[in-house]
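One structure is given below, encoded as structure tokens.
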Amino acid sequence: MILFETTLGDFKIEFYEKEAPVSVANFKQYIDKGFFDGTIFHRIVPGFVIQGGGFTEDMTRRKPRRPSRTRPTTA
């Protein structure tokens with residue numbers, strides 16, 4: 001689990017490494033590098049989605065790494 005600390009309270013998320021090993025490893029690399037430090041939740045659609053991590057408070061965009069491959073290729 002990982003703890004998110006926000007100005008409106010903290011929350012934890014649980015990882016499902018067995019079900020999504022590539023996505024979890026990718027997300028953890030961002031955490032380890034401090035990518036999300038100082039970012040905001042910039043899109044909130046009640047009952048659907050909360051999106052964050054890509055922008056700072058002044059709406060400066062954080063440049064992510066190249067996308068990770070999440071599905072195995074097929075021949």
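A note on labels: chains of the structure tokens are A, B, ... as shown, every chain counts residues from 1, and ligands are counted from 1 in their shown order.
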DSSP strand (DSSP E or B) selection over chain A, as a ChimeraX atom specification: /A:2-6,9-13,39-45,49-56,61
Would you mind exporting N, CA, C and O atoms of the selected residues as an mmCIF file, in the first residue's frame?
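Result file is selection-v7.cif:
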data_model
loop_
_atom_site.group_PDB
_atom_site.id
_atom_site.type_symbol
_atom_site.label_atom_id
_atom_site.label_comp_id
_atom_site.auth_asym_id
_atom_site.auth_seq_id
_atom_site.Cartn_x
_atom_site.Cartn_y
_atom_site.Cartn_z
ATOM 1 N N ILE A 2 0.293 2.300 -0.480
ATOM 2 C CA ILE A 2 0.992 3.586 -0.503
ATOM 3 C C ILE A 2 0.090 4.640 0.117
ATOM 4 O O ILE A 2 -1.129 4.596 -0.058
ATOM 5 N N LEU A 3 0.674 5.549 0.851
ATOM 6 C CA LEU A 3 -0.084 6.615 1.509
ATOM 7 C C LEU A 3 0.017 7.896 0.694
ATOM 8 O O LEU A 3 1.113 8.349 0.382
ATOM 9 N N PHE A 4 -1.114 8.454 0.323
ATOM 10 C CA PHE A 4 -1.181 9.764 -0.313
ATOM 11 C C PHE A 4 -1.472 10.779 0.785
ATOM 12 O O PHE A 4 -2.432 10.605 1.538
ATOM 13 N N GLU A 5 -0.670 11.809 0.866
ATOM 14 C CA GLU A 5 -0.896 12.876 1.834
ATOM 15 C C GLU A 5 -1.367 14.104 1.075
ATOM 16 O O GLU A 5 -0.665 14.601 0.195
ATOM 17 N N THR A 6 -2.571 14.580 1.399
ATOM 18 C CA THR A 6 -3.142 15.726 0.697
ATOM 19 C C THR A 6 -3.542 16.807 1.703
ATOM 20 O O THR A 6 -3.620 16.554 2.902
ATOM 21 N N GLY A 9 -6.714 15.747 3.529
ATOM 22 C CA GLY A 9 -6.692 14.468 4.235
ATOM 23 C C GLY A 9 -5.889 13.433 3.473
ATOM 24 O O GLY A 9 -5.594 13.598 2.298
ATOM 25 N N ASP A 10 -5.546 12.397 4.176
ATOM 26 C CA ASP A 10 -4.722 11.338 3.598
ATOM 27 C C ASP A 10 -5.577 10.144 3.211
ATOM 28 O O ASP A 10 -6.658 9.934 3.755
ATOM 29 N N PHE A 11 -5.049 9.340 2.270
ATOM 30 C CA PHE A 11 -5.708 8.093 1.918
ATOM 31 C C PHE A 11 -4.666 7.103 1.430
ATOM 32 O O PHE A 11 -3.567 7.480 1.045
ATOM 33 N N LYS A 12 -5.028 5.833 1.465
ATOM 34 C CA LYS A 12 -4.130 4.771 1.026
ATOM 35 C C LYS A 12 -4.702 4.089 -0.203
ATOM 36 O O LYS A 12 -5.920 4.002 -0.368
ATOM 37 N N ILE A 13 -3.792 3.604 -1.047
ATOM 38 C CA ILE A 13 -4.215 2.779 -2.172
ATOM 39 C C ILE A 13 -3.493 1.438 -2.066
ATOM 40 O O ILE A 13 -2.396 1.345 -1.529
ATOM 41 N N THR A 39 2.209 17.815 -6.811
ATOM 42 C CA THR A 39 1.206 17.835 -7.876
ATOM 43 C C THR A 39 -0.197 17.930 -7.279
ATOM 44 O O THR A 39 -0.387 17.798 -6.075
ATOM 45 N N ILE A 40 -1.169 18.157 -8.151
ATOM 46 C CA ILE A 40 -2.560 18.342 -7.719
ATOM 47 C C ILE A 40 -3.478 17.324 -8.391
ATOM 48 O O ILE A 40 -3.105 16.688 -9.378
ATOM 49 N N PHE A 41 -4.681 17.186 -7.845
ATOM 50 C CA PHE A 41 -5.750 16.474 -8.540
ATOM 51 C C PHE A 41 -6.404 17.519 -9.442
ATOM 52 O O PHE A 41 -7.005 18.471 -8.965
ATOM 53 N N HIS A 42 -6.273 17.346 -10.751
ATOM 54 C CA HIS A 42 -6.709 18.385 -11.677
ATOM 55 C C HIS A 42 -8.008 18.062 -12.413
ATOM 56 O O HIS A 42 -8.557 18.902 -13.109
ATOM 57 N N ARG A 43 -8.504 16.865 -12.268
ATOM 58 C CA ARG A 43 -9.766 16.501 -12.927
ATOM 59 C C ARG A 43 -10.545 15.610 -11.974
ATOM 60 O O ARG A 43 -10.086 14.540 -11.588
ATOM 61 N N ILE A 44 -11.732 16.060 -11.615
ATOM 62 C CA ILE A 44 -12.582 15.293 -10.709
ATOM 63 C C ILE A 44 -13.982 15.231 -11.310
ATOM 64 O O ILE A 44 -14.607 16.263 -11.557
ATOM 65 N N VAL A 45 -14.433 14.010 -11.581
ATOM 66 C CA VAL A 45 -15.793 13.780 -12.060
ATOM 67 C C VAL A 45 -16.453 12.895 -11.002
ATOM 68 O O VAL A 45 -16.161 11.702 -10.920
ATOM 69 N N VAL A 49 -14.254 9.465 -11.763
ATOM 70 C CA VAL A 49 -12.794 9.468 -11.829
ATOM 71 C C VAL A 49 -12.196 10.644 -11.070
ATOM 72 O O VAL A 49 -12.824 11.700 -10.951
ATOM 73 N N ILE A 50 -11.022 10.417 -10.524
ATOM 74 C CA ILE A 50 -10.193 11.482 -9.975
ATOM 75 C C ILE A 50 -8.845 11.329 -10.658
ATOM 76 O O ILE A 50 -8.243 10.255 -10.628
ATOM 77 N N GLN A 51 -8.384 12.384 -11.297
ATOM 78 C CA GLN A 51 -7.134 12.321 -12.054
ATOM 79 C C GLN A 51 -6.160 13.334 -11.478
ATOM 80 O O GLN A 51 -6.513 14.473 -11.207
ATOM 81 N N GLY A 52 -4.940 12.917 -11.303
ATOM 82 C CA GLY A 52 -3.935 13.821 -10.759
ATOM 83 C C GLY A 52 -2.537 13.359 -11.072
ATOM 84 O O GLY A 52 -2.316 12.334 -11.703
ATOM 85 N N GLY A 53 -1.581 14.160 -10.609
ATOM 86 C CA GLY A 53 -0.186 13.800 -10.764
ATOM 87 C C GLY A 53 0.515 14.423 -11.943
ATOM 88 O O GLY A 53 1.728 14.386 -12.022
ATOM 89 N N GLY A 54 -0.221 15.007 -12.865
ATOM 90 C CA GLY A 54 0.395 15.532 -14.068
ATOM 91 C C GLY A 54 0.682 17.022 -14.040
ATOM 92 O O GLY A 54 1.398 17.529 -14.907
ATOM 93 N N PHE A 55 0.129 17.737 -13.054
ATOM 94 C CA PHE A 55 0.279 19.187 -13.003
ATOM 95 C C PHE A 55 0.589 19.651 -11.583
ATOM 96 O O PHE A 55 0.117 19.073 -10.621
ATOM 97 N N THR A 56 1.337 20.750 -11.495
ATOM 98 C CA THR A 56 1.588 21.398 -10.217
ATOM 99 C C THR A 56 0.463 22.398 -9.960
ATOM 100 O O THR A 56 -0.394 22.607 -10.821
ATOM 101 N N ARG A 61 2.829 21.544 -16.361
ATOM 102 C CA ARG A 61 2.701 20.112 -16.650
ATOM 103 C C ARG A 61 3.993 19.392 -16.313
ATOM 104 O O ARG A 61 5.080 19.847 -16.667
#
For each of A:Phe48, A:Leu8, A:Pro67, A:Arg62, take the minimum atom-to-atom distance to Phe27 (chain A), counting only C-alpha atoms, then give the residue where this is smallest. A:Pro67
From chain A, collect each residue whose DSSP state is alpha helix (DSSP H) and return the set as number ranges by chain. A: 21-32
